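*Asks:* One structure coming up, written as structure tokens, with questions to follow.
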Amino acid sequence: MKVLTVIGNRPQFVKAAAVSRILREHADEVLVHTGQHYDDEMSAVFFAELGVPRPALELQLGTGSNTEQTARMLSAIAPVLAEERPDCVLVYGDTNSTLAGGLAAAQARIPVAHVEAGMRSFDRAMPEELNRVLTDHLSALLLCSSAAPAAHLRAERVAGAIEVVGDVMVDVALLVQPRALVDDAPLRDAGVQPGQYVLATAHRAGNVDDPARLQRLVEILMALPLPVVLPLHPRTGARLDAAGLLDGLLAADHVRVTPPLGYLAFTALLTRAKAMLTDSGGVQKEAYLAGVPCITLRDTTEWTETVDAGWNVLVDLDRDATLAALKRPAPTARPELYGDGQAGTRVVAALRTAFGAS
Ligand code: UD1
Ligand code: UDP
């Protein structure tokens with residue numbers, strides 16, 4: 001079996017870390033990196049820290065609007081598929097790289113396997129929601145993190161086969177978090193004490209591209225009663241700078257702005273935070289696994305189970321709701337929501353069953 005995997009963004013490097021090595025025990029994998037994320041701290045560090053195999057091909061297609069990016073990726077991936085003729089194309093999540101890989105494959109009549117299928121915010125203003133829905137409807141094999149996304153796919157009557165395999169990010173988090181819990185260096189570097197700081201990330205276009213919403217995000221960060229560590233996504237850094245809001249954050253005593261962190265340092269900070277403040281999808285799950293209460297800077301989430309379990313609160317960009325959420329006691333129970341850490345093995349087994357005979 002020959003599998004061509006398309007990745008391109010920070011969370012996809014983490015997801016590939018759970019699958020690629022196992023896949024290579026049973027199949028030929030051609031790993032294609034679109035280059036959507038390209039800075040070392042957004043890309044290379046994850047390959048080095050998590051043992052993701054080196055890409056066979058780096059397309060270097062970062063920057064530009066969603067439409068431009070997706071179009072350039074489609075044009076670049078099509079000839080690669082024509083040359084490699086894989087038995088299937090594997091894509092992860094909901095980014096432009098996901099849709100480009102999936103659509104190029106479907107147009108070449110190569111079956112698509114989608115990991116993290118069926119996630120929905122039901123908000124079509126999010127570019128990620130368009131990417132997810134389209135990728136799901138062109139996929140032959142839809143691999144879901146939990147029962148809820150599988151139910152969404154059945155309700156939408158997708159054409160492909162649906163299987164719940166668990167969440168591949170859980171595999172990586174469960175391996176790394178115990179080590180991260182005893183790694184004090186990232187806390188020392190940030191000048192924070194265990195349990196006495198908030199870790200914050202924000203990068204959603206809906207939060208940072210609109211200057212009025214960006215201003216509200218800054219007001220929340222400034223109002224926090226604890227030290228806050230803020231590893232800045234490059235999109236957010238650029239928008240803060242353009243809006244004239246970066247200097248105020250850098251000058252605030254309680255805000256520690258850092259470049260994007262590698263997975264190990266970020267996880268070390270996450271596991272000891274009093275709370276996680278984020279609009280990231282992956283980080284909501286990781287906070288849950290670490291037993292750290294999450295405050296989500298959105299009014300919807302795809303990871304609804306974390307909210308139902310009481311560990312995640314949606315506050316959008318409401319300052320008072322954020323401050324109130326910070327005072328909430330953590331729940332006592334933390335059921336297994338997204339699998340047992342063996343999702344990568346199940347993804348590979350599903351691929352072999354579906355495409356292994358060819
Ligand atoms: C993308 C995904 C988003 C995902 C996020 C993970 C889409 C539509 N969005 O958003 O779903 O949650 O990745 O982090 O696919 N930049 C750099 N260096 C880099 C990468 C980006 O400077 O290594 C800057 C560039 O100016 C770029 C901008 O950030 O234009 C935005 O990057 P892009 O990949 O388009 O979107 P993200 O906001 O990263
Ligand atoms: N992450 C990281 N360093 C950071 C911020 C995030 O290693 O400074 C990791 C985080 O642990 C998670 C992934 O990046 O595994 C999430 O990526 P991101 O928030 O960019 O994307 P999303 O999940 O929202 O698509």
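Chain labels A, B, ... are given in the sequence in which chains occur in the structure tokens; within each chain residues are numbered consecutively from 1, and ligands are likewise numbered from 1 in the order shown.
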Would you list, as an MDAnalysis selection string, the residues of range 94-303 of chain A that end up in helix (DSSP H, G or I) under DSSP run on this structure's backbone?
*Replies:* chainID A and resid 96:107 127:138 147:155 168:180 185:190 205:208 211:223 234:242 246:251 263:271 281:290
*Asks:* Extract the full set of strand (DSSP E or B) residues from range 99-291 of chain A according to DSSP on the backbone, and format it as an MDAnalysis selection string.
*Replies:* chainID A and resid 112:115 141:144 161:164 198:201 228:231 255:258 275:278
*Asks:* Could the residues that lie within 7 Å of ligand 1, counting only C-alpha atoms and all ligand atoms, be listed as a list of chain:residue names?
*Replies:*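 The residues near ligand 1 are A:Asn9, A:Arg10, A:Pro11, A:Gln36, A:His37, A:Tyr38, A:Asp39, A:Met42, A:Ser43, A:Gly62, A:Thr63, A:Gly64, A:Ser65, A:Asn66, A:Asp94, A:Thr95, A:Asn96, A:Ser97, A:Pro127, A:Glu128, A:His203, A:Arg204, A:Ala205, A:Pro234, A:Arg235, A:Ser280, A:Gly281.
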*Asks:* Skipping near chain neighbours, those fewer than 6 positions away, what residues fall within 9 Å of Phe46 in chain A using only C-alpha atoms, listed as a PyMOL selection string?
*Replies:* chain A and resi 10+13-14+17+40+52+262-263
*Asks:* What is the CA of Val112 in chain A to atom 19 (O, counted along the ligand's line) of ligand 2 distance in Å?
*Replies:* 24.4 Å
*Asks:* Considering only C-alpha atoms and all ligand atoms, state which residue in the set A:Leu264, A:Ala56, A:Ala155, A:Leu187 is at the smallest distance from ligand 2.
*Replies:*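 Ranked by minimum distance to ligand 2, first place goes to A:Leu264.
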*Asks:* Residues near range 1-8 of chain A, anyone? I mean within 10 Å using only C-alpha atoms, not counting same-chain ones fewer than 4 positions away, as a VMD selection string.
*Replies:* chain A and resid 12 to 13 15 to 16 20 23 to 24 26 to 38 42 to 43 55 to 62 77 80 to 81 84 to 93 95 to 102 105 112 to 113 351 to 352 355 to 358
*Asks:* I'd like the contact shell of Gly291 in chain A - 9 Å cut-off, only C-alpha atoms, skipping same-chain residues fewer than 5 positions apart - returned as a PyMOL selection string.
*Replies:* chain A and resi 271+286+311+330+334
*Asks:* For Ala238 in chain A, find every residue with an atom within 12 Å (counting only C-alpha atoms), except residues of its own chain fewer than 5 positions away, and show them as a list in words.
*Replies:*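 These residues fall inside the cut-off: His203, Val208, Asp209, Pro211, Leu214, Leu232, His233, Ala243, Gly244, Leu245 and Leu246 of chain A.
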*Asks:* Which residue, A:Ala343, A:Leu224, A:Ala200, A:Val255, has the smallest gap to ligand 2 when you use only C-alpha atoms and all ligand atoms?
*Replies:*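 Among the listed residues, the smallest separation from ligand 2 belongs to A:Ala200.
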*Asks:* Restricting the calculation to only C-alpha atoms, which member of A:Val283, A:Ala190, A:Val19, A:Leu249 is positioned closest to Glu219 in chain A?
*Replies:*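 Closest to Glu219 in chain A of all the choices is A:Leu249.
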*Asks:* To one decimal in Å, tell me the separation between CA of Ser145 in chain A and CA of Tyr288 in chain A.
*Replies:* 14.4 Å
*Asks:* Give me the residues near Val198 in chain A as a compact mmCIF listing (two decimals) with C-alpha atoms, in the first residue's frame, where near means some atom within 10 Å (using only C-alpha atoms) and where sequence neighbours in that chain fewer than 3 positions away do not count.
*Replies:*
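Saved result, part-v4.txt, follows:
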# COMPACT_ATOMS: atom_id res chain seq x y z
CA VAL A 192 6.22 31.84 36.46
CA GLY A 195 -0.42 26.87 39.33
CA LEU A 221 -5.22 39.86 28.58
CA LEU A 224 -6.11 39.08 34.00
CA PRO A 225 -5.26 39.05 37.72
CA LEU A 226 -2.36 36.60 37.24
CA PRO A 227 0.82 36.47 35.16
CA VAL A 228 -0.01 35.38 31.63
CA VAL A 229 2.36 33.62 29.23
CA LEU A 230 1.48 34.44 25.63
CA VAL A 255 2.19 39.60 30.35
CA LEU A 269 3.72 25.35 30.51
CA LEU A 270 0.26 23.92 29.80
CA ARG A 272 1.20 23.50 35.26
CA ALA A 273 -1.04 26.46 34.28
CA LYS A 274 -3.90 27.53 36.52
CA ALA A 275 -5.98 27.88 33.36
CA MET A 276 -5.64 27.81 29.58
CA LEU A 277 -7.06 30.77 27.64
CA CYS A 294 -9.88 25.84 29.61
CA LEU A 326 -11.12 31.92 35.95
*Asks:* Mind pulling up the distance from CA of Asp299 in chain A to CA of Gly341 in chain A?
*Replies:*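 Going from CA of Gly341 in chain A over to CA of Asp299 in chain A covers 28.5 Å.
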